[in-house]
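> Contents of upload27.cif (mmCIF, C-alpha atoms) are below:
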data_query
loop_
_atom_site.label_atom_id
_atom_site.label_comp_id
_atom_site.auth_asym_id
_atom_site.auth_seq_id
_atom_site.Cartn_x
_atom_site.Cartn_y
_atom_site.Cartn_z
CA MET A 1 0.00 0.00 0.00
CA ALA A 2 1.61 3.25 -1.20
CA GLY A 3 1.51 6.31 1.04
CA ALA A 4 2.88 9.78 1.16
CA GLY A 5 6.14 8.65 2.70
CA ARG A 6 6.70 5.61 0.48
CA GLY A 7 8.66 5.61 -2.73
CA PRO A 8 7.44 4.40 -6.14
CA ALA A 9 6.34 0.79 -6.37
CA ALA A 10 9.12 -1.67 -7.22
CA PRO A 11 9.04 -3.09 -10.76
CA ALA A 12 7.76 -6.60 -11.16
CA ALA A 13 10.46 -9.23 -10.82
CA ARG A 14 11.70 -10.78 -14.10
CA ALA A 15 10.61 -14.29 -14.68
CA VAL A 16 13.23 -16.89 -14.00
CA GLY A 17 13.26 -20.52 -14.93
CA PRO A 18 12.69 -22.37 -18.17
CA CYS A 19 11.00 -19.42 -19.91
CA ALA A 20 13.82 -16.93 -19.37
CA GLY A 21 15.40 -17.57 -22.79
CA GLY A 22 18.27 -19.78 -21.67
CA GLU A 23 16.91 -22.77 -23.57
CA GLY A 24 16.88 -20.76 -26.81
CA ARG A 25 20.55 -19.92 -26.42
CA THR A 26 21.34 -23.55 -25.59
CA VAL A 27 19.56 -24.77 -28.73
CA ASN A 28 21.45 -22.23 -30.85
CA VAL A 29 24.77 -23.37 -29.41
CA LEU A 30 23.78 -26.98 -30.08
CA ALA A 31 22.92 -26.15 -33.70
CA VAL A 32 26.28 -24.41 -34.17
CA ALA A 33 28.03 -27.45 -32.73
CA VAL A 34 26.22 -29.78 -35.15
CA TRP A 35 27.15 -27.56 -38.11
CA ALA A 36 30.80 -27.38 -37.04
CA ALA A 37 31.09 -31.13 -36.44
CA VAL A 38 29.50 -32.14 -39.75
CA LEU A 39 31.43 -29.57 -41.79
CA LEU A 40 34.79 -30.49 -40.27
CA SER A 41 34.13 -34.21 -40.74
CA SER A 42 33.04 -33.70 -44.36
CA LEU A 43 36.07 -31.56 -45.19
CA GLY A 44 38.44 -34.11 -43.67
CA LEU A 45 36.69 -36.93 -45.53
CA LEU A 46 36.63 -35.28 -48.94
CA LEU A 47 39.96 -33.43 -48.90
CA GLY A 48 42.09 -36.12 -47.25
CA PRO A 49 42.75 -38.32 -50.33
CA ARG A 50 43.56 -35.26 -52.43
CA ARG A 51 46.33 -34.21 -50.03
CA ALA A 52 47.80 -37.71 -50.16
CA ARG A 53 48.30 -37.65 -53.92
CA VAL A 54 51.70 -36.91 -55.42
CA PRO A 55 51.76 -33.46 -57.06
CA GLY A 56 52.05 -33.22 -60.82
CA THR A 57 50.50 -35.27 -63.61
CA PRO A 58 52.18 -38.71 -63.55
CA GLU A 59 51.77 -40.93 -66.61
CA ALA A 60 51.91 -44.65 -67.28
CA HIS A 61 55.38 -45.77 -68.39
CA ASP A 62 54.34 -48.80 -70.45
CA LEU A 63 51.42 -50.93 -71.57
CA SER A 64 51.38 -52.94 -68.35
CA GLU A 65 50.95 -49.82 -66.22
CA ALA A 66 48.21 -48.51 -68.50
CA ALA A 67 46.44 -51.87 -68.27
CA PHE A 68 46.75 -51.87 -64.47
CA LEU A 69 45.20 -48.41 -64.28
CA ALA A 70 42.35 -49.60 -66.50
CA GLY A 71 41.46 -52.73 -64.54
CA GLY A 72 44.12 -53.97 -62.13
CA PRO A 73 46.23 -57.15 -62.34
CA GLY A 74 43.63 -59.04 -64.38
CA THR A 75 43.76 -56.48 -67.17
CA VAL A 76 47.58 -56.60 -67.16
CA VAL A 77 47.47 -60.37 -67.72
CA ASP A 78 44.75 -60.02 -70.36
CA ALA A 79 46.89 -57.54 -72.30
CA ALA A 80 49.85 -59.93 -72.14
CA LEU A 81 47.67 -62.83 -73.31
CA VAL A 82 46.40 -60.83 -76.28
CA ALA A 83 49.95 -59.91 -77.29
CA LEU A 84 51.17 -63.50 -76.97
CA LEU A 85 48.23 -64.93 -78.89
CA GLY A 86 48.40 -62.21 -81.52
CA ASP A 87 51.90 -63.04 -82.77
CA GLY A 88 51.76 -66.81 -82.31
CA ARG A 89 53.80 -67.16 -79.15
CA LEU A 90 50.69 -68.72 -77.62
CA VAL A 91 48.31 -70.99 -79.53
CA ALA A 92 44.69 -71.72 -78.67
CA GLY A 93 44.33 -75.49 -78.40
CA GLY A 94 40.58 -75.53 -77.74
CA PRO A 95 37.92 -73.70 -75.76
CA GLY A 96 39.71 -72.24 -72.75
CA ILE A 97 43.01 -74.04 -73.52
CA VAL A 98 46.30 -72.44 -74.62
CA HIS A 99 49.71 -73.88 -75.50
CA GLU A 100 53.13 -72.42 -76.13
CA GLY A 101 54.05 -71.54 -79.70
CA ARG A 102 57.41 -71.86 -81.38
CA ARG A 103 58.78 -68.50 -80.29
CA ALA A 104 57.39 -68.45 -76.76
CA ARG A 105 59.49 -65.69 -75.19
CA GLY A 106 58.19 -62.89 -73.02
CA ALA A 107 58.95 -59.32 -74.06
CA ASP A 108 58.11 -57.83 -70.65
CA PRO A 109 57.55 -59.02 -67.07
CA ALA A 110 53.82 -59.53 -67.58
CA GLU A 111 54.33 -61.78 -70.63
CA ARG A 112 57.02 -63.73 -68.82
CA ALA A 113 54.64 -64.19 -65.88
CA VAL A 114 52.01 -65.64 -68.25
CA LEU A 115 54.50 -68.07 -69.80
CA SER A 116 55.77 -69.10 -66.37
CA ALA A 117 52.21 -69.76 -65.21
CA LEU A 118 51.52 -71.78 -68.38
CA ARG A 119 54.54 -74.01 -67.81
CA ALA A 120 53.30 -74.67 -64.26
CA ALA A 121 49.85 -75.65 -65.58
CA PRO A 122 50.29 -78.70 -67.86
CA SER A 123 46.61 -78.71 -68.82
CA GLY A 124 46.89 -75.24 -70.34
CA TRP A 125 43.59 -74.21 -68.78
CA LEU A 126 43.35 -70.50 -69.46
CA TYR A 127 41.56 -69.68 -66.21
CA GLN A 128 44.31 -71.33 -64.17
CA VAL A 129 47.04 -69.65 -66.20
CA ARG A 130 45.43 -66.24 -65.88
CA TYR A 131 44.85 -66.52 -62.13
CA ALA A 132 48.41 -67.72 -61.46
CA ALA A 133 49.86 -64.92 -63.59
CA MET A 134 47.82 -62.32 -61.69
CA LEU A 135 49.51 -63.43 -58.46
CA ASP A 136 53.00 -63.37 -59.97
CA PRO A 137 55.30 -60.88 -58.15
CA ALA A 138 56.18 -59.22 -61.46
CA VAL A 139 52.53 -58.31 -62.07
CA GLN A 140 52.04 -57.17 -58.48
CA GLU A 141 55.11 -54.94 -58.77
CA VAL A 142 53.35 -53.00 -61.54
CA GLY A 143 50.75 -51.89 -59.01
CA ASP A 144 53.42 -51.21 -56.39
CA ALA A 145 55.23 -48.88 -58.79
CA LEU A 146 52.01 -47.01 -59.57
CA ALA A 147 51.19 -46.71 -55.87
CA ALA A 148 54.67 -45.31 -55.16
CA ARG A 149 53.98 -42.55 -57.70
CA GLY A 150 50.56 -41.78 -56.21
CA MET A 151 48.57 -43.03 -59.19
CA VAL A 152 46.73 -45.81 -57.33
CA SER A 153 46.10 -46.60 -53.68
CA PRO A 154 47.48 -49.73 -52.01
CA PRO A 155 44.87 -52.43 -51.36
CA GLY A 156 42.95 -51.77 -48.16
CA SER A 157 44.22 -48.21 -47.75
CA GLY A 158 40.73 -46.75 -48.22
CA ARG A 159 39.02 -49.06 -45.72
CA GLY A 160 39.23 -46.63 -42.81
CA ARG A 161 38.06 -43.68 -44.90
CA ARG A 162 35.18 -45.74 -46.27
CA ARG A 163 34.11 -46.63 -42.72
CA TRP A 164 34.41 -42.95 -41.81
CA GLY A 165 32.06 -41.95 -44.62
CA LEU A 166 29.52 -44.64 -43.76
CA VAL A 167 29.50 -43.68 -40.07
CA GLN A 168 29.03 -40.01 -40.93
CA ALA A 169 26.12 -40.76 -43.26
CA VAL A 170 24.42 -43.01 -40.70
CA VAL A 171 24.90 -40.58 -37.80
CA CYS A 172 23.59 -37.61 -39.81
CA ALA A 173 20.56 -39.64 -40.91
CA ALA A 174 19.87 -40.67 -37.30
CA LEU A 175 20.13 -37.08 -36.05
CA ILE A 176 17.27 -35.92 -38.29
CA PRO A 177 14.51 -37.71 -36.31
CA VAL A 178 16.36 -36.99 -33.06
CA SER A 179 16.18 -33.26 -33.79
CA LEU A 180 12.37 -33.35 -33.79
CA PRO A 181 11.87 -33.93 -30.02
CA VAL A 182 14.61 -31.37 -29.32
CA THR A 183 12.63 -28.89 -31.40
CA PHE A 184 9.37 -29.60 -29.55
CA VAL A 185 11.01 -29.30 -26.13
CA ALA A 186 12.71 -26.01 -27.05
CA MET A 187 9.45 -24.54 -28.39
CA ALA A 188 7.58 -25.60 -25.25
CA LEU A 189 10.13 -24.09 -22.86
CA THR A 190 10.89 -20.88 -24.75
CA ARG A 191 8.40 -18.06 -25.38
CA GLU A 192 10.73 -16.16 -27.70
CA ALA A 193 10.23 -16.50 -31.46
CA GLN A 194 12.99 -18.60 -32.96
CA VAL A 195 13.78 -20.81 -35.91
CA PRO A 196 12.89 -24.44 -35.11
CA PHE A 197 15.96 -26.51 -34.27
CA VAL A 198 15.17 -29.12 -36.92
CA LEU A 199 15.22 -26.45 -39.63
CA GLU A 200 18.51 -25.07 -38.34
CA VAL A 201 20.33 -28.40 -38.61
CA LEU A 202 18.46 -30.10 -41.47
CA PRO A 203 20.57 -28.57 -44.31
CA VAL A 204 23.91 -29.60 -42.79
CA LEU A 205 22.63 -33.07 -41.86
CA VAL A 206 21.43 -33.71 -45.41
CA GLY A 207 24.75 -32.42 -46.72
CA GLY A 208 26.57 -34.70 -44.28
CA ILE A 209 24.64 -37.72 -45.57
CA VAL A 210 25.55 -36.88 -49.17
CA ALA A 211 29.19 -36.14 -48.35
CA GLY A 212 29.54 -39.31 -46.27
CA ALA A 213 28.04 -41.54 -48.96
CA TRP A 214 30.13 -39.94 -51.70
CA GLY A 215 33.31 -40.14 -49.64
CA ALA A 216 32.71 -43.82 -48.82
CA ARG A 217 32.13 -44.61 -52.48
CA ARG A 218 35.25 -42.72 -53.47
CA ALA A 219 37.35 -44.55 -50.87
CA ARG A 220 36.06 -47.92 -52.06
CA ARG A 221 37.17 -47.12 -55.59
#
Any chance you could put this one into structure tokens?


Amino acid sequence: MAGAGRGPAAPAARAVGPCAGGEGRTVNVLAVAVWAAVLLSSLGLLLGPRRARVPGTPEAHDLSEAAFLAGGPGTVVDAALVALLGDGRLVAGGPGIVHEGRRARGADPAERAVLSALRAAPSGWLYQVRYAAMLDPAVQEVGDALAARGMVSPPGSGRGRRRWGLVQAVVCAALIPVSLPVTFVAMALTREAQVPFVLEVLPVLVGGIVAGAWGARRARR
């Protein structure tokens, strides 16, 4: 009750508790954290292999290296088989059977690997010859030389990066439905007008799914 000797009435106390705006700031910080985490993960996933490459524009030194780049060890052996059959150093003895010709000499390591595999397979079965030649150290060294120059990746080197991409895509996909209850809780506890949390993080989560899937596919290749 105000009187002549009393000062002006004190202002009403500010509301404290869940409606004071603290939840809105917390949600904004959480959205920024999601953006930062997804962007950093995507940049590391997509830019990592590029930094590992050798600078410059390396080229294949011979036919075996070009064949390896086109299809791996199997294509190297196929190219050698075509060359050997083309000039008579190998002779087709029937469906899926090959034999040595009169001038059976290898002009390069891949051709010598094919001839060595043929001599170890008396039946001349082409499948057996081809498979054995693919495992020959001379053919494998073609890939090792290309890997040393940064033109191919060693087998299994992209496994961790592929797993990284898959995990990122799965986590980003899982966070989309998770963001819905966070949005409802924030809207219920905050009277201030604000952008719904799900709309704040949806663009970066969708981008994280795309980047993760693309990075995993790139690592597998």

> So which residues get picked by the PyMOL selection byres ((chain A and resi 117-120) around 6) here, written as an NGL selection string?

:A and (114-116 or 121 or 129 or 132-133)

> Can you work out which one of A:Pro109, A:Ala92, A:Asp62, A:Val167 has the shortest atom-to-atom distance to Glu141 of chain A, counting all atoms listed in the file?

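Selected residue with least distance to Glu141 of chain A: A:Pro109.
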
> Work out how far apart atom CA of Leu69 of chain A and atom CA of Ser153 of chain A are and give it in Å to one decimal.

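Atom CA of Leu69 of chain A sits 10.8 Å away from atom CA of Ser153 of chain A.
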
> Just give me the gap between atom CA of Arg112 of chain A and atom CA of Ala138 of chain A in Å, one decimal is fine.

8.7 Å

> How would you write, as a PyMOL selection string, the residues chosen by the PyMOL selection byres ((chain A and resi 143) around 8) on this structure?

chain A and resi 65+68+72-73+139-142+144-147+152

> Applied to the shown file, which residues does the PyMOL selection byres ((chain A and resi 77-81) around 9) return, written as an MDAnalysis selection string?

chainID A and resid 63:64 67 73:76 82:86 90 106 108 110:114 130:131 133:134 139

> How would the residues just picked look written out with C-alpha atoms as a PDB file, in the frame of the given file?


ATOM      1  CA  LEU A  63      51.420 -50.930 -71.570  1.00  0.00           C
ATOM      2  CA  SER A  64      51.380 -52.940 -68.350  1.00  0.00           C
ATOM      3  CA  ALA A  67      46.440 -51.870 -68.270  1.00  0.00           C
ATOM      4  CA  PRO A  73      46.230 -57.150 -62.340  1.00  0.00           C
ATOM      5  CA  GLY A  74      43.630 -59.040 -64.380  1.00  0.00           C
ATOM      6  CA  THR A  75      43.760 -56.480 -67.170  1.00  0.00           C
ATOM      7  CA  VAL A  76      47.580 -56.600 -67.160  1.00  0.00           C
ATOM      8  CA  VAL A  82      46.400 -60.830 -76.280  1.00  0.00           C
ATOM      9  CA  ALA A  83      49.950 -59.910 -77.290  1.00  0.00           C
ATOM     10  CA  LEU A  84      51.170 -63.500 -76.970  1.00  0.00           C
ATOM     11  CA  LEU A  85      48.230 -64.930 -78.890  1.00  0.00           C
ATOM     12  CA  GLY A  86      48.400 -62.210 -81.520  1.00  0.00           C
ATOM     13  CA  LEU A  90      50.690 -68.720 -77.620  1.00  0.00           C
ATOM     14  CA  GLY A 106      58.190 -62.890 -73.020  1.00  0.00           C
ATOM     15  CA  ASP A 108      58.110 -57.830 -70.650  1.00  0.00           C
ATOM     16  CA  ALA A 110      53.820 -59.530 -67.580  1.00  0.00           C
ATOM     17  CA  GLU A 111      54.330 -61.780 -70.630  1.00  0.00           C
ATOM     18  CA  ARG A 112      57.020 -63.730 -68.820  1.00  0.00           C
ATOM     19  CA  ALA A 113      54.640 -64.190 -65.880  1.00  0.00           C
ATOM     20  CA  VAL A 114      52.010 -65.640 -68.250  1.00  0.00           C
ATOM     21  CA  ARG A 130      45.430 -66.240 -65.880  1.00  0.00           C
ATOM     22  CA  TYR A 131      44.850 -66.520 -62.130  1.00  0.00           C
ATOM     23  CA  ALA A 133      49.860 -64.920 -63.590  1.00  0.00           C
ATOM     24  CA  MET A 134      47.820 -62.320 -61.690  1.00  0.00           C
ATOM     25  CA  VAL A 139      52.530 -58.310 -62.070  1.00  0.00           C
TER      26      VAL A 139
END

> Quick one: residues within 10 Å of Gly44 of chain A, only C-alpha atoms, excluding same-chain residues fewer than 6 positions away - as a PyMOL selection string?

chain A and resi 38+161+164+215

> In Å to one decimal, how far is atom CA of Ala193 of chain A from atom CA of Leu175 of chain A?

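Taking atom CA of Leu175 of chain A and atom CA of Ala193 of chain A, their separation equals 23.3 Å.
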
> Around (43.7, -71.1, -74.8) in the file's own coordinates, what residues are found within 10 Å if you use only C-alpha atoms, given back as a ChimeraX atom specification?

/A:81,85,90-100,124-127,129

> Can you give me N, CA and C atoms for segment 203-215 of chain A, written as an mmCIF file, keeping the file's coordinate frame?


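selection_25.cif written:
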data_model
loop_
_atom_site.group_PDB
_atom_site.id
_atom_site.type_symbol
_atom_site.label_atom_id
_atom_site.label_comp_id
_atom_site.auth_asym_id
_atom_site.auth_seq_id
_atom_site.Cartn_x
_atom_site.Cartn_y
_atom_site.Cartn_z
ATOM 1 N N PRO A 203 19.698 -28.695 -43.126
ATOM 2 C CA PRO A 203 20.570 -28.570 -44.310
ATOM 3 C C PRO A 203 21.931 -29.231 -44.129
ATOM 4 N N VAL A 204 22.576 -29.029 -42.973
ATOM 5 C CA VAL A 204 23.910 -29.600 -42.790
ATOM 6 C C VAL A 204 23.835 -31.104 -42.604
ATOM 7 N N LEU A 205 22.758 -31.616 -42.023
ATOM 8 C CA LEU A 205 22.630 -33.070 -41.860
ATOM 9 C C LEU A 205 22.422 -33.746 -43.214
ATOM 10 N N VAL A 206 21.604 -33.158 -44.066
ATOM 11 C CA VAL A 206 21.430 -33.710 -45.410
ATOM 12 C C VAL A 206 22.735 -33.652 -46.185
ATOM 13 N N GLY A 207 23.438 -32.516 -46.069
ATOM 14 C CA GLY A 207 24.750 -32.420 -46.720
ATOM 15 C C GLY A 207 25.734 -33.430 -46.169
ATOM 16 N N GLY A 208 25.680 -33.696 -44.861
ATOM 17 C CA GLY A 208 26.570 -34.700 -44.280
ATOM 18 C C GLY A 208 26.281 -36.089 -44.783
ATOM 19 N N ILE A 209 24.990 -36.403 -45.007
ATOM 20 C CA ILE A 209 24.640 -37.720 -45.570
ATOM 21 C C ILE A 209 25.220 -37.859 -46.973
ATOM 22 N N VAL A 210 25.040 -36.831 -47.797
ATOM 23 C CA VAL A 210 25.550 -36.880 -49.170
ATOM 24 C C VAL A 210 27.066 -36.965 -49.190
ATOM 25 N N ALA A 211 27.724 -36.131 -48.380
ATOM 26 C CA ALA A 211 29.190 -36.140 -48.350
ATOM 27 C C ALA A 211 29.722 -37.469 -47.825
ATOM 28 N N GLY A 212 29.085 -38.030 -46.798
ATOM 29 C CA GLY A 212 29.540 -39.310 -46.270
ATOM 30 C C GLY A 212 29.394 -40.431 -47.274
ATOM 31 N N ALA A 213 28.243 -40.489 -47.959
ATOM 32 C CA ALA A 213 28.040 -41.540 -48.960
ATOM 33 C C ALA A 213 29.003 -41.393 -50.123
ATOM 34 N N TRP A 214 29.211 -40.159 -50.576
ATOM 35 C CA TRP A 214 30.130 -39.940 -51.700
ATOM 36 C C TRP A 214 31.569 -40.245 -51.302
ATOM 37 N N GLY A 215 31.954 -39.857 -50.092
ATOM 38 C CA GLY A 215 33.310 -40.140 -49.640
ATOM 39 C C GLY A 215 33.557 -41.630 -49.459
#
